[in-house]
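The structure file my_file_38.cif is reproduced below (mmCIF, C-alpha atoms).
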```cif
data_upload
loop_
_atom_site.label_atom_id
_atom_site.label_comp_id
_atom_site.auth_asym_id
_atom_site.auth_seq_id
_atom_site.Cartn_x
_atom_site.Cartn_y
_atom_site.Cartn_z
CA MET A 7 128.40 135.08 81.39
CA THR A 8 127.63 131.72 83.04
CA ALA A 9 126.21 128.62 81.42
CA MET A 10 122.45 128.20 81.83
CA LEU A 11 121.29 124.64 81.21
CA THR A 12 118.11 122.78 82.08
CA LEU A 13 116.75 119.28 81.59
CA GLN A 14 114.20 118.51 78.90
CA ARG A 15 112.45 115.41 77.56
CA ARG A 16 112.72 114.67 73.87
CA HIS A 17 109.19 113.26 73.56
CA SER A 18 108.57 110.87 70.73
CA PRO A 19 105.41 111.38 68.65
CA LYS A 20 103.96 108.21 70.23
CA CYS A 21 104.49 109.51 73.80
CA PRO A 22 101.13 110.05 75.63
CA ASP A 23 102.52 113.36 76.94
CA TYR A 24 103.90 114.63 73.63
CA GLU A 25 101.56 117.63 73.65
CA LYS A 26 102.80 118.81 77.08
CA GLY A 27 106.11 119.95 75.62
CA PRO A 28 109.80 119.22 76.33
CA ASP A 29 109.76 120.83 79.81
CA TYR A 30 107.39 118.14 81.09
CA LEU A 31 109.80 115.62 82.61
CA LYS A 32 107.47 113.04 84.19
CA CYS A 33 106.20 111.65 80.92
CA ARG A 34 104.66 108.20 80.73
CA GLY A 35 106.64 107.35 77.63
CA ASN A 36 109.97 107.53 79.50
CA CYS A 37 111.52 109.54 76.65
CA LEU A 38 115.18 110.47 76.28
CA ILE A 39 116.57 113.37 78.30
CA ARG A 40 118.58 116.24 76.85
CA ALA A 41 120.33 119.38 78.08
CA TYR A 42 118.94 122.64 76.78
CA GLY A 43 120.09 126.23 77.32
CA THR A 44 123.06 128.50 76.61
CA ASN A 45 126.77 128.17 77.24
CA GLU A 46 129.05 130.81 78.81
CA HIS A 47 129.33 132.57 75.43
CA GLY A 48 125.57 132.86 75.01
CA LYS A 49 125.36 130.22 72.29
CA ARG A 50 122.48 127.78 72.33
CA VAL A 51 123.14 124.26 73.63
CA ARG A 52 120.84 121.33 72.89
CA THR A 53 122.44 117.93 73.31
CA SER A 54 121.30 114.47 74.32
CA LEU A 55 122.37 113.15 77.73
CA ARG A 56 121.93 109.57 76.48
CA THR A 57 119.71 108.43 79.32
CA ARG A 58 116.04 108.16 80.23
CA ASP A 59 116.68 108.27 83.99
CA LEU A 60 116.12 111.70 85.59
CA GLN A 61 118.70 111.26 88.38
CA ARG A 62 121.38 110.10 85.98
CA GLY A 63 120.47 112.93 83.63
CA ALA A 64 120.79 115.48 86.44
CA ARG A 65 124.28 114.17 87.25
CA ARG A 66 125.37 114.37 83.62
CA LEU A 67 123.93 117.88 83.33
CA THR A 68 126.01 118.99 86.31
CA GLU A 69 129.12 117.42 84.81
CA MET A 70 128.45 119.28 81.56
CA GLU A 71 128.06 122.58 83.44
CA ASP A 72 131.35 121.93 85.23
CA ARG A 73 133.12 121.41 81.92
CA LEU A 74 131.64 124.62 80.54
CA THR A 75 132.44 126.74 83.61
CA GLY A 76 135.80 125.15 84.44
CA ASN A 77 134.67 124.38 87.99
CA PRO A 78 135.16 120.60 88.41
CA ARG A 79 133.32 118.71 91.16
CA LYS A 80 135.03 116.87 93.97
CA LYS A 81 134.70 113.10 94.07
CA MET A 82 133.48 111.62 97.35
CA ILE A 83 136.45 109.30 97.72
CA GLU A 84 138.89 112.20 97.20
CA ALA A 85 137.06 114.39 99.72
CA VAL A 86 137.22 111.62 102.34
CA ALA A 87 140.95 111.14 101.75
CA LEU A 88 141.59 114.87 102.23
CA PHE A 89 139.41 114.93 105.34
CA GLN A 90 141.37 112.05 106.85
CA ALA A 91 144.65 113.78 106.03
CA GLN A 92 143.49 116.69 108.21
CA HIS A 93 143.27 114.29 111.18
CA GLU A 94 146.65 112.58 110.91
CA GLY A 95 147.56 113.85 114.38
CA LYS A 96 144.75 111.91 116.06
CA ALA A 97 145.39 108.86 118.22
CA ASP A 98 145.70 105.55 116.36
CA GLU A 99 142.41 104.20 117.75
CA THR A 100 140.59 107.38 116.73
CA LYS A 101 142.01 107.20 113.19
CA ARG A 102 141.02 103.54 112.99
CA ARG A 103 137.42 104.44 113.94
CA TYR A 104 137.40 107.24 111.35
CA ASN A 105 138.61 104.83 108.68
CA ARG A 106 135.98 102.22 109.54
CA THR A 107 133.09 104.70 109.53
CA LEU A 108 134.15 106.56 106.39
CA ASN A 109 134.93 103.39 104.44
CA LEU A 110 131.41 102.12 105.18
CA PHE A 111 129.99 105.40 103.86
CA ILE A 112 132.12 105.23 100.70
CA GLU A 113 130.93 101.66 100.07
CA PHE A 114 127.33 102.83 100.47
CA CYS A 115 127.91 105.68 97.98
CA ALA A 116 129.37 103.20 95.49
CA ARG A 117 126.26 101.00 95.79
CA GLU A 118 124.06 104.06 95.28
CA GLN A 119 126.14 105.14 92.24
CA ILE A 120 127.07 108.41 93.98
CA THR A 121 130.38 109.75 92.74
CA TYR A 122 130.50 113.40 93.76
CA VAL A 123 130.08 115.16 97.09
CA ASP A 124 127.25 117.40 95.89
CA GLN A 125 125.20 114.37 94.86
CA VAL A 126 124.62 113.44 98.51
CA THR A 127 121.19 114.68 99.58
CA LEU A 128 119.12 114.33 102.72
CA GLU A 129 117.25 111.46 101.04
CA THR A 130 120.61 109.78 100.46
CA MET A 131 121.43 110.11 104.15
CA ASP A 132 118.00 108.70 105.07
CA ARG A 133 118.78 105.58 103.04
CA TYR A 134 122.18 105.32 104.71
CA VAL A 135 120.49 105.52 108.12
CA MET A 136 118.29 102.56 107.20
CA SER A 137 121.33 100.55 106.15
CA ARG A 138 122.96 101.23 109.54
CA LYS A 139 119.85 100.89 111.70
CA GLY A 140 120.49 99.50 115.17
CA ILE A 141 124.25 100.15 115.18
CA LYS A 142 125.43 101.09 118.69
CA THR A 143 128.02 103.57 117.40
CA TRP A 144 125.48 105.47 115.29
CA THR A 145 125.72 108.66 117.38
CA LYS A 146 129.47 108.89 116.81
CA ASP A 147 129.00 108.03 113.13
CA VAL A 148 126.59 110.94 112.66
CA GLU A 149 128.95 113.35 114.41
CA LEU A 150 131.79 112.27 112.11
CA LEU A 151 129.67 112.60 108.96
CA ARG A 152 128.64 116.09 110.02
CA GLN A 153 132.31 117.01 110.35
CA LEU A 154 133.03 115.54 106.92
CA PHE A 155 130.32 117.51 105.11
CA GLU A 156 131.16 120.70 107.00
CA PHE A 157 134.73 120.21 105.78
CA CYS A 158 133.41 119.84 102.21
CA ARG A 159 131.10 122.85 102.48
CA ASP A 160 133.94 125.08 103.71
CA ARG A 161 135.79 124.21 100.50
CA ASP A 162 132.77 124.87 98.24
CA TRP A 163 132.48 121.24 97.16
CA THR A 164 128.84 121.29 98.26
CA THR A 165 126.36 123.97 99.28
CA ARG A 166 124.79 122.05 102.17
CA ASN A 167 125.53 119.65 104.99
CA PRO A 168 123.01 116.80 104.54
CA ALA A 169 124.18 115.04 107.72
CA LYS A 170 123.06 118.00 109.87
CA ALA A 171 119.40 117.07 109.47
CA LEU A 172 119.96 113.53 110.74
CA ARG A 173 118.37 113.00 114.13
CA LEU A 174 120.58 111.54 116.81
CA PRO A 175 119.09 108.74 118.91
CA ARG A 176 117.76 109.95 122.23
CA VAL A 177 120.20 109.10 125.01
CA LEU A 178 118.29 108.44 128.20
CA GLN A 179 121.47 107.71 130.11
CA ALA A 180 124.79 109.18 129.03
CA ASN A 181 126.70 106.02 129.81
CA ASP A 182 125.73 102.71 131.39
CA ALA A 183 129.03 102.41 133.25
CA VAL A 184 128.69 102.99 136.99
CA PRO A 185 131.44 103.67 139.54
CA PHE A 186 132.95 100.80 141.51
CA LYS A 187 131.92 100.41 145.13
CA HIS A 188 134.62 100.37 147.80
CA ASP A 189 134.33 96.63 148.46
CA GLU A 190 134.54 95.92 144.71
CA ILE A 191 137.81 97.85 144.46
CA VAL A 192 139.21 95.88 147.40
CA LYS A 193 138.31 92.60 145.66
CA ILE A 194 139.90 93.71 142.38
CA ILE A 195 143.17 94.79 144.00
CA ALA A 196 143.30 91.53 146.00
CA ALA A 197 142.70 89.51 142.81
CA CYS A 198 145.86 90.98 141.27
CA ASP A 199 147.96 88.84 143.63
CA SER A 200 146.35 85.56 142.55
CA ILE A 201 146.34 85.62 138.74
CA GLY A 202 148.88 84.17 136.34
CA ARG A 203 151.78 81.88 137.11
CA THR A 204 154.56 84.28 138.11
CA ASN A 205 155.15 87.46 140.08
CA TYR A 206 155.87 89.22 136.76
CA GLU A 207 152.20 89.08 135.76
CA ARG A 208 150.93 89.84 139.26
CA ARG A 209 153.09 92.90 139.77
CA ARG A 210 152.11 94.29 136.39
CA ALA A 211 148.41 93.69 137.11
CA ARG A 212 148.68 95.41 140.51
CA ALA A 213 150.51 98.44 139.11
CA MET A 214 147.99 98.79 136.25
CA THR A 215 145.07 98.58 138.65
CA LEU A 216 146.48 101.16 141.07
CA LEU A 217 147.26 103.59 138.25
CA MET A 218 143.69 103.41 136.96
CA ARG A 219 142.27 103.55 140.49
CA TYR A 220 144.20 106.57 141.80
CA ALA A 221 145.10 108.49 138.62
CA GLY A 222 142.07 107.63 136.48
CA LEU A 223 144.31 106.84 133.51
CA ARG A 224 142.93 105.33 130.34
CA ILE A 225 144.38 101.91 129.59
CA SER A 226 146.27 103.37 126.59
CA ASP A 227 147.99 105.85 128.95
CA VAL A 228 148.84 103.06 131.40
CA VAL A 229 150.61 100.81 128.90
CA THR A 230 152.61 103.72 127.43
CA LEU A 231 153.68 105.18 130.79
CA LYS A 232 157.38 106.09 130.81
CA ARG A 233 159.79 106.36 133.72
CA ASN A 234 160.35 110.04 133.04
CA ASP A 235 156.58 110.58 133.36
CA VAL A 236 156.96 110.03 137.11
CA GLN A 237 158.16 113.20 138.83
CA GLY A 238 158.27 112.63 142.58
CA HIS A 239 154.70 111.75 143.58
CA TYR A 240 153.25 113.18 140.38
CA LEU A 241 152.42 111.68 137.02
CA VAL A 242 153.00 114.27 134.29
CA ARG A 243 152.39 113.36 130.67
CA ARG A 244 150.23 113.93 127.57
CA ALA A 245 147.21 111.71 127.03
CA VAL A 246 147.46 109.33 124.08
CA LYS A 247 143.86 109.94 123.00
CA ASN A 248 143.68 113.75 122.88
CA ASN A 249 147.20 114.97 123.75
CA LYS A 250 145.86 116.89 126.77
CA LEU A 251 148.18 117.39 129.73
CA ILE A 252 147.71 115.02 132.68
CA ARG A 253 149.25 116.09 135.98
CA VAL A 254 148.02 114.19 138.99
CA GLU A 255 149.45 113.36 142.41
CA VAL A 256 149.31 109.69 143.36
CA PRO A 257 149.72 108.01 146.78
CA PRO A 258 153.02 106.30 147.73
CA SER A 259 151.50 102.84 147.11
CA VAL A 260 151.32 103.60 143.37
CA ILE A 261 154.95 104.72 143.20
CA GLU A 262 156.00 101.61 145.16
CA ALA A 263 154.08 99.36 142.75
CA LEU A 264 155.83 101.03 139.79
CA ASP A 265 159.25 100.71 141.43
CA ALA A 266 158.61 96.98 142.02
CA LEU A 267 157.87 96.33 138.35
CA PRO A 268 160.32 94.06 136.50
CA LEU A 269 161.56 95.09 133.08
CA PRO A 270 159.17 94.18 130.25
CA LYS A 271 160.08 90.89 128.58
CA ALA A 272 162.92 91.13 126.05
CA ALA A 273 163.48 94.80 126.94
CA ALA A 274 166.93 96.37 127.27
CA LYS A 275 168.15 97.55 130.68
CA SER A 276 167.91 101.14 129.45
CA ASN A 277 164.24 100.66 128.51
CA ASN A 278 162.14 103.70 129.49
CA GLY A 279 158.67 102.11 129.56
CA PHE A 280 157.16 100.53 132.66
CA PHE A 281 154.91 98.07 130.81
CA SER A 282 156.33 97.87 127.28
CA LYS A 283 159.46 97.89 125.24
CA ASP A 284 160.37 101.23 123.70
CA GLY A 285 158.67 101.51 120.33
CA GLY A 286 156.03 98.85 121.03
CA ASN A 287 152.82 98.76 118.98
CA LEU A 288 150.04 100.55 120.89
CA ARG A 289 147.21 98.30 119.68
CA SER A 290 149.07 95.16 120.76
CA LEU A 291 149.93 96.69 124.14
CA VAL A 292 146.32 97.65 124.82
CA LYS A 293 145.08 94.18 123.87
CA GLY A 294 147.64 92.62 126.22
CA ALA A 295 146.59 94.91 129.06
CA TRP A 296 142.92 94.05 128.45
CA ARG A 297 143.75 90.34 128.72
CA THR A 298 145.54 90.94 132.03
CA MET A 299 142.73 93.04 133.48
CA SER A 300 140.08 90.58 132.24
CA ALA A 301 141.81 87.86 134.24
CA VAL A 302 141.84 90.13 137.31
CA PHE A 303 138.16 90.99 137.00
CA LYS A 304 137.21 87.35 136.51
CA ARG A 305 139.14 86.31 139.61
CA SER A 306 137.65 89.17 141.66
CA GLY A 307 134.07 88.13 140.88
CA VAL A 308 132.99 91.75 140.31
CA LEU A 309 130.22 91.73 137.72
CA GLY A 310 130.42 94.11 134.75
CA ALA A 311 133.94 95.24 135.62
CA HIS A 312 136.11 96.85 132.96
CA PRO A 313 139.08 99.27 133.07
CA HIS A 314 137.18 102.45 132.20
CA ARG A 315 134.98 102.10 135.28
CA PHE A 316 137.97 103.20 137.37
CA ARG A 317 137.84 106.50 135.52
CA HIS A 318 134.14 106.85 136.31
CA THR A 319 134.89 105.99 139.93
CA LEU A 320 137.55 108.67 140.40
CA ALA A 321 135.44 111.32 138.65
CA SER A 322 132.41 110.49 140.81
CA GLU A 323 134.45 110.60 144.01
CA LEU A 324 135.95 113.98 143.09
CA LEU A 325 132.47 115.33 142.35
CA GLY A 326 131.26 113.97 145.66
CA LYS A 327 134.04 115.82 147.49
CA GLY A 328 133.02 119.12 145.93
CA GLY A 329 135.38 119.22 142.96
CA SER A 330 134.23 121.34 140.04
CA VAL A 331 133.75 119.92 136.57
CA GLU A 332 136.66 122.03 135.30
CA GLU A 333 138.98 120.76 138.06
CA ILE A 334 138.05 117.14 137.36
CA ALA A 335 138.56 117.66 133.62
CA GLY A 336 142.08 118.92 134.39
CA ILE A 337 142.87 115.89 136.56
CA LEU A 338 141.56 113.38 134.02
CA GLY A 339 143.04 115.16 130.99
CA ASP A 340 139.61 115.61 129.43
CA SER A 341 137.20 118.39 128.49
CA PRO A 342 134.52 119.72 130.89
CA VAL A 343 131.87 118.75 128.31
CA THR A 344 132.99 115.11 128.44
CA VAL A 345 133.04 115.10 132.24
CA ARG A 346 129.48 116.46 132.39
CA ARG A 347 128.26 114.02 129.78
CA TYR A 348 129.87 110.79 130.96
CA TYR A 349 131.29 111.05 134.47
CA ALA A 350 128.80 113.10 136.55
CA LYS A 351 127.29 110.18 138.43
CA TRP A 352 124.89 110.19 141.34
CA THR A 353 127.09 108.86 144.15
CA PRO A 354 126.05 109.07 147.83
CA GLU A 355 128.70 111.78 148.42
CA PHE A 356 127.48 113.85 145.49
CA GLN A 357 123.86 113.43 146.61
CA THR A 358 124.82 114.62 150.11
CA LEU A 359 126.29 117.79 148.64
CA GLN A 360 123.07 118.38 146.70
CA ASP A 361 121.03 117.86 149.87
CA GLU A 362 123.21 120.32 151.79
CA LEU A 363 122.74 122.93 149.09
CA VAL A 364 118.95 122.53 149.17
CA ARG A 365 118.94 122.79 152.98
CA LYS A 366 120.87 126.05 152.79
CA ILE A 367 118.24 127.46 150.44
CA HIS A 368 115.42 126.41 152.80
CA GLY A 369 117.33 127.47 155.92
CA THR A 370 117.17 123.99 157.41
CA HIS A 371 120.90 123.20 157.33
CA LEU A 372 121.33 124.33 160.98
CA ALA A 373 118.47 122.21 162.24
CA GLN A 374 119.03 118.82 163.82
CA PRO A 375 118.54 115.91 161.40
CA GLN A 376 115.08 114.43 161.76
CA LYS A 377 113.78 110.97 161.14
CA GLU A 378 112.50 110.47 157.64
CA ALA A 379 108.74 110.58 157.42
CA CYS A 380 106.98 107.46 156.32
CA ILE A 381 105.60 107.81 152.82
CA CYS A 382 102.42 105.79 152.68
#
```

Let's see the structure in the file written out as structure tokens.
Amino acid sequence: MTAMLTLQRRHSPKCPDYEKGPDYLKCRGNCLIRAYGTNEHGKRVRTSLRTRDLQRGARRLTEMEDRLTGNPRKKMIEAVALFQAQHEGKADETKRRYNRTLNLFIEFCAREQITYVDQVTLETMDRYVMSRKGIKTWTKDVELLRQLFEFCRDRDWTTRNPAKALRLPRVLQANDAVPFKHDEIVKIIAACDSIGRTNYERRRARAMTLLMRYAGLRISDVVTLKRNDVQGHYLVRRAVKNNKLIRVEVPPSVIEALDALPLPKAAAKSNNGFFSKDGGNLRSLVKGAWRTMSAVFKRSGVLGAHPHRFRHTLASELLGKGGSVEEIAGILGDSPVTVRRYYAKWTPEFQTLQDELVRKIHGTHLAQPQKEACIC
């Protein structure tokens, strides 16, 4: 037999709602709240919860039921710790983002006096949304919170996923980054030879730029590139971010730029990394690479340039040449979903392919090209 408890008001004789009985909870006298019902042995329970607040009384009632049934609740902070332990294999930057987002949510729960997972309701999440209104990373935050509460629901710590009902902001454009134009790439590569004070910095900048241009590597994969990752004219390695296999052929100019690289500063002669000492800290390496590339972009005069635009550029060019989303995902070491969402850009080459397809449907692909009609 299970415990059956409900909330009641212990109305005082002076309470305006005294005549409505103990089951009337919204009394104007704000009377004390008690738990009333039967325990697991069928014996009557009637005990004060020592509060006049309905929400606090509901929490204490649940705690009492847990003690009676032997089914303790899971604290929010413990659930988050267990959830993070399940993602220990993620990349360092991903784990850092998880920590930042989840710590903000735990702080919010503490301010709201929410201790247990099952105390989080849709109304709670609505208040959290208001506290985070206008944050650019909100879409990713919602996705992470949905994962967290799904994790909790699978373990019976809650019966619902309150984050599922949160509405994601409408994304009119998947990503504002646009591919580089050919002349912009020429300017960026030329700028590599005029930054810094020594050839050491210039050679490193040139090699980084060519790797991102021709292999579409993320900057984290560039700075951690090892000599044994180069197999002939191929780069073969696992991506730092998602551990997916990257296998891409690069032109001879990339291999020559890597061969011309000096050893990283203070590195041993047996060092295996092209851009870093063995065992270097990834976050520091990425920051250093960003500083180098920022200097290159500034010298080139290309507006809005940043390393990830090379990845957009390669993906757009491959799409324009007829590559499938699955093939491009394999080259970039990414998922087809990500390629469709972020990298499918409208380049002139891709638009030409679309036009050719439409002409085949209309039977006009064999006709001579005509002058465009004037739209008045």

Subject >> Residue members of the PyMOL selection byres ((chain A and resi 197-209) around 10) in the file shown, as a PyMOL selection string >> reply: chain A and resi 191-196+210-215+263-264+266-271+298-299+301-307

Subject >> For Gln61 in chain A, the nearest of the candidates A:Pro257, A:Asp147, A:Ala272, A:Ile120, counting all atoms listed in the file >> reply: A:Ile120

Original post:
By how many Å are CA of Ile337 in chain A and CA of Asn278 in chain A apart?
Top reply: 23.9 Å

Residue neighbourhood range 217-229 of chain A, 9 Å, all atoms listed in the file, exclusion window fewer than 4 positions, as a compact mmCIF listing (two decimals) with C-alpha atoms, keeping the file's coordinate frame:
```
# COMPACT_ATOMS: atom_id res chain seq x y z
CA ILE A 191 137.81 97.85 144.46
CA ARG A 212 148.68 95.41 140.51
CA ALA A 213 150.51 98.44 139.11
CA LEU A 241 152.42 111.68 137.02
CA ARG A 243 152.39 113.36 130.67
CA ARG A 244 150.23 113.93 127.57
CA ALA A 245 147.21 111.71 127.03
CA VAL A 246 147.46 109.33 124.08
CA LYS A 247 143.86 109.94 123.00
CA ILE A 252 147.71 115.02 132.68
CA VAL A 254 148.02 114.19 138.99
CA GLU A 255 149.45 113.36 142.41
CA VAL A 256 149.31 109.69 143.36
CA PRO A 257 149.72 108.01 146.78
CA VAL A 260 151.32 103.60 143.37
CA GLY A 279 158.67 102.11 129.56
CA PHE A 280 157.16 100.53 132.66
CA PHE A 281 154.91 98.07 130.81
CA SER A 282 156.33 97.87 127.28
CA LEU A 288 150.04 100.55 120.89
CA ARG A 289 147.21 98.30 119.68
CA LEU A 291 149.93 96.69 124.14
CA VAL A 292 146.32 97.65 124.82
CA ALA A 295 146.59 94.91 129.06
CA TRP A 296 142.92 94.05 128.45
CA PRO A 313 139.08 99.27 133.07
CA HIS A 314 137.18 102.45 132.20
CA ARG A 315 134.98 102.10 135.28
CA PHE A 316 137.97 103.20 137.37
CA ARG A 317 137.84 106.50 135.52
CA HIS A 318 134.14 106.85 136.31
CA THR A 319 134.89 105.99 139.93
CA LEU A 320 137.55 108.67 140.40
CA ALA A 321 135.44 111.32 138.65
CA ILE A 337 142.87 115.89 136.56
CA LEU A 338 141.56 113.38 134.02
CA GLY A 339 143.04 115.16 130.99
```

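Nearest-residue note for Cys158 in chain A: choosing from A:Tyr30, A:Tyr104, A:Tyr134, A:Tyr122, the minimum distance belongs to A:Tyr122, counting only C-alpha atoms.
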
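Counting from CA of Ile261 in chain A, the distance to CA of Lys232 in chain A is 12.7 Å.
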
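Closest approach to Ala91 in chain A from the set A:Tyr349, A:Ser18, A:Asn105, A:Ala64 is made by A:Asn105, with distances taken over all atoms listed in the file.
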
**OP:** Write out as a list in words the residues lying within 12 Å of Gln90 in chain A, counting all atoms listed in the file and excluding same-chain residues fewer than 2 positions away.
**Re:** Ile83, Glu84, Ala85, Val86, Ala87, Leu88, Gln92, His93, Glu94, Gly95, Lys96, Thr100, Lys101, Arg102, Arg103, Tyr104, Asn105, Arg106, Thr107, Leu108, Asn109, Leu150, Leu151, Gln153, Leu154 and Phe157 of chain A

**OP:** May I ask for the distance between CA of Leu55 in chain A and CA of Ala41 in chain A, given in Å to one decimal place?
**Re:** 6.6 Å

**OP:** Using the chain letters and residue numbers of this document, give as a list in words the residues selected by the PyMOL selection byres ((chain A and resi 67) around 9).
**Re:** Leu11, Thr12, Leu13, Arg40, Ala41, Leu55, Arg62, Gly63, Ala64, Arg65, Arg66, Thr68, Glu69, Met70, Glu71 and Asp72 of chain A

**OP:** Considering all atoms listed in the file, state which residue in the set A:His47, A:Arg58, A:Lys275, A:His239 is at the smallest distance from Ser259 in chain A.
**Re:** A:His239
